[in-house]
Amino acid sequence: MLNQIVMVLLYLGIFVIAQRQLKKWIKTQAIKKQVNEVRSRLVTRLISYFMFFVTLSVIAISLGLGYQEVSLFVSSAFAVLGVALFAQWSILSNITAGVLIFFVFPYRIGDRIKIVDKDEDMSGIIVEISLFHILIKRDSGDVMTYPNSLMLQKGVIKLSNDNVAKKKTTTKRIIPKRLK
């Protein structure tokens with residue numbers, strides 16, 4: 001009994017240490033990529049929930065619950081979650097794309113980009129990158145909301161200063177008020 005308590009405390013300790021390291025790493029990535037604090041907290045929370053779920057599964061297995069019982073519970077939870085989110089697949093895909101954009105998107109707030117689309121000219125300056133969408137301010141002053149899942153599917157071109165000069169616009173960096 002004492003061994004099981006020590007093992008549970010050890011797993012929880014490892015979870016707490018890993019969560020702190022994850023928060024530090026995500027915070028440095030957010031500063032490096034100029035991501036707002038709200039978005040970095042959301043990404044941290046999502047990953048922490050996943051880590052906690054895995055930690056609970058490992059604790060359940062080590063306490064003597066059989067692998068079959070734990071795997072049945074985990075698969076049932078994922079099945080219910082999958083059925084619940086199937087109707088809202090776009091929300092799930094945008095959240096997943098938002099997490100991917102947080103870590104691997106090469107463009108930052110203030111960069112001038114063009115989304116390759118044959119129907120409409122989608123170019124402007126990135127104003128904000130959130131968990132669900134990206135806000136792009138066009139030359140006309142309009143702000144366009146573009147879903148994260150489409151941002152990963154379409155080609156994105158970073159426009160150079162030469163292209164900006166041709167359009168006779170300034171390359172002034174736009175930073176949302178909550179980041180100032």
# chains A, B, ... in the order shown; residues from 1 in each chain; ligands from 1
>>> select_by_dssp(residues="region 2-178 of chain A", states="helix (DSSP H, G or I)", output="VMD selection string")
chain A and resid 2 to 32 37 to 62 67 to 86 89 to 104 148 to 153 161 to 166 177 to 178
>>> select_by_dssp(residues="region 15-175 of chain A", states="strand (DSSP E or B)", output="MDAnalysis selection string")
chainID A and resid 112:115 122:129 133:137 143:147 156:158
>>> write_last_selection(atoms="N, CA and C atoms", output="PDB file, in the first residue's frame")
ATOM      1  N   ARG A 112       3.782  41.023 -43.618  1.00  0.00           N
ATOM      2  CA  ARG A 112       2.885  41.226 -44.755  1.00  0.00           C
ATOM      3  C   ARG A 112       2.868  39.925 -45.553  1.00  0.00           C
ATOM      4  N   ILE A 113       1.662  39.350 -45.719  1.00  0.00           N
ATOM      5  CA  ILE A 113       1.530  38.073 -46.405  1.00  0.00           C
ATOM      6  C   ILE A 113       0.478  38.153 -47.498  1.00  0.00           C
ATOM      7  N   LYS A 114       0.508  37.154 -48.360  1.00  0.00           N
ATOM      8  CA  LYS A 114      -0.523  36.974 -49.373  1.00  0.00           C
ATOM      9  C   LYS A 114      -0.898  35.502 -49.372  1.00  0.00           C
ATOM     10  N   ILE A 115      -2.203  35.237 -49.247  1.00  0.00           N
ATOM     11  CA  ILE A 115      -2.704  33.869 -49.292  1.00  0.00           C
ATOM     12  C   ILE A 115      -3.055  33.579 -50.742  1.00  0.00           C
ATOM     13  N   MET A 122      -6.098  38.069 -51.310  1.00  0.00           N
ATOM     14  CA  MET A 122      -6.061  38.001 -49.852  1.00  0.00           C
ATOM     15  C   MET A 122      -4.661  38.334 -49.386  1.00  0.00           C
ATOM     16  N   SER A 123      -4.374  39.618 -49.357  1.00  0.00           N
ATOM     17  CA  SER A 123      -3.067  40.050 -48.885  1.00  0.00           C
ATOM     18  C   SER A 123      -3.254  41.148 -47.856  1.00  0.00           C
ATOM     19  N   GLY A 124      -2.304  41.242 -46.978  1.00  0.00           N
ATOM     20  CA  GLY A 124      -2.354  42.258 -45.942  1.00  0.00           C
ATOM     21  C   GLY A 124      -1.354  41.959 -44.844  1.00  0.00           C
ATOM     22  N   ILE A 125      -1.520  42.657 -43.744  1.00  0.00           N
ATOM     23  CA  ILE A 125      -0.607  42.535 -42.607  1.00  0.00           C
ATOM     24  C   ILE A 125      -1.287  41.724 -41.512  1.00  0.00           C
ATOM     25  N   ILE A 126      -0.570  40.751 -40.963  1.00  0.00           N
ATOM     26  CA  ILE A 126      -1.115  39.935 -39.875  1.00  0.00           C
ATOM     27  C   ILE A 126      -1.240  40.812 -38.635  1.00  0.00           C
ATOM     28  N   VAL A 127      -2.471  40.919 -38.117  1.00  0.00           N
ATOM     29  CA  VAL A 127      -2.740  41.728 -36.937  1.00  0.00           C
ATOM     30  C   VAL A 127      -2.760  40.856 -35.688  1.00  0.00           C
ATOM     31  N   GLU A 128      -3.358  39.658 -35.802  1.00  0.00           N
ATOM     32  CA  GLU A 128      -3.456  38.776 -34.646  1.00  0.00           C
ATOM     33  C   GLU A 128      -3.550  37.335 -35.107  1.00  0.00           C
ATOM     34  N   ILE A 129      -2.956  36.445 -34.319  1.00  0.00           N
ATOM     35  CA  ILE A 129      -3.061  35.008 -34.556  1.00  0.00           C
ATOM     36  C   ILE A 129      -3.689  34.409 -33.307  1.00  0.00           C
ATOM     37  N   HIS A 133      -8.473  31.518 -35.570  1.00  0.00           N
ATOM     38  CA  HIS A 133      -8.348  32.256 -36.817  1.00  0.00           C
ATOM     39  C   HIS A 133      -7.177  33.238 -36.770  1.00  0.00           C
ATOM     40  N   ILE A 134      -6.896  33.799 -37.949  1.00  0.00           N
ATOM     41  CA  ILE A 134      -5.859  34.821 -38.093  1.00  0.00           C
ATOM     42  C   ILE A 134      -6.533  36.070 -38.626  1.00  0.00           C
ATOM     43  N   LEU A 135      -6.228  37.217 -38.030  1.00  0.00           N
ATOM     44  CA  LEU A 135      -6.765  38.493 -38.497  1.00  0.00           C
ATOM     45  C   LEU A 135      -5.739  39.158 -39.402  1.00  0.00           C
ATOM     46  N   ILE A 136      -6.174  39.527 -40.605  1.00  0.00           N
ATOM     47  CA  ILE A 136      -5.301  40.151 -41.591  1.00  0.00           C
ATOM     48  C   ILE A 136      -5.898  41.495 -41.971  1.00  0.00           C
ATOM     49  N   LYS A 137      -5.116  42.558 -41.831  1.00  0.00           N
ATOM     50  CA  LYS A 137      -5.582  43.895 -42.204  1.00  0.00           C
ATOM     51  C   LYS A 137      -5.159  44.165 -43.640  1.00  0.00           C
ATOM     52  N   VAL A 143     -10.471  44.474 -42.103  1.00  0.00           N
ATOM     53  CA  VAL A 143      -9.823  43.384 -41.370  1.00  0.00           C
ATOM     54  C   VAL A 143     -10.496  42.083 -41.781  1.00  0.00           C
ATOM     55  N   MET A 144      -9.689  41.140 -42.269  1.00  0.00           N
ATOM     56  CA  MET A 144     -10.186  39.854 -42.744  1.00  0.00           C
ATOM     57  C   MET A 144      -9.878  38.788 -41.697  1.00  0.00           C
ATOM     58  N   THR A 145     -10.873  37.957 -41.406  1.00  0.00           N
ATOM     59  CA  THR A 145     -10.698  36.824 -40.510  1.00  0.00           C
ATOM     60  C   THR A 145     -10.523  35.578 -41.367  1.00  0.00           C
ATOM     61  N   TYR A 146      -9.424  34.867 -41.147  1.00  0.00           N
ATOM     62  CA  TYR A 146      -9.132  33.690 -41.958  1.00  0.00           C
ATOM     63  C   TYR A 146      -8.924  32.490 -41.032  1.00  0.00           C
ATOM     64  N   PRO A 147      -9.681  31.391 -41.231  1.00  0.00           N
ATOM     65  CA  PRO A 147      -9.575  30.224 -40.337  1.00  0.00           C
ATOM     66  C   PRO A 147      -8.188  29.574 -40.385  1.00  0.00           C
ATOM     67  N   VAL A 156       0.940  30.311 -48.623  1.00  0.00           N
ATOM     68  CA  VAL A 156       1.078  31.644 -48.046  1.00  0.00           C
ATOM     69  C   VAL A 156       2.422  32.193 -48.480  1.00  0.00           C
ATOM     70  N   ILE A 157       2.395  33.404 -49.018  1.00  0.00           N
ATOM     71  CA  ILE A 157       3.612  34.060 -49.494  1.00  0.00           C
ATOM     72  C   ILE A 157       3.903  35.249 -48.590  1.00  0.00           C
ATOM     73  N   LYS A 158       5.143  35.333 -48.099  1.00  0.00           N
ATOM     74  CA  LYS A 158       5.547  36.511 -47.336  1.00  0.00           C
ATOM     75  C   LYS A 158       6.025  37.545 -48.344  1.00  0.00           C
TER      76      LYS A 158
END
>>> closest_atom_pairs(of="region 74-148 of chain A", to="region 30-49 of chain A", cutoff="8 Å", atoms="only C-alpha atoms", output="Markdown table")
| residue | atom | partner | partner_atom | distance |
| --- | --- | --- | --- | --- |
| A:Val99 | CA | A:Val43 | CA | 6.3 |
| A:Phe102 | CA | A:Val35 | CA | 7.8 |
| A:Arg108 | CA | A:Lys33 | CA | 6.1 |
| A:Ile109 | CA | A:Gln34 | CA | 6.6 |
| A:Ile129 | CA | A:Val35 | CA | 7.2 |
| A:Ser130 | CA | A:Arg39 | CA | 5.9 |
| A:Leu131 | CA | A:Arg39 | CA | 6.2 |
>>> atom_distance(atom1="CA of Leu2 (chain A)", atom2="CA of Leu63 (chain A)")
11.4 Å
>>> closest_residue(among="A:Ala79, A:Phe15, A:Arg20, A:Lys154", to="Phe53 (chain A)", atoms="only C-alpha atoms")
A:Phe15
>>> atom_distance(atom1="CA of Thr96 (chain A)", atom2="CA of Ala60 (chain A)")
27.6 Å
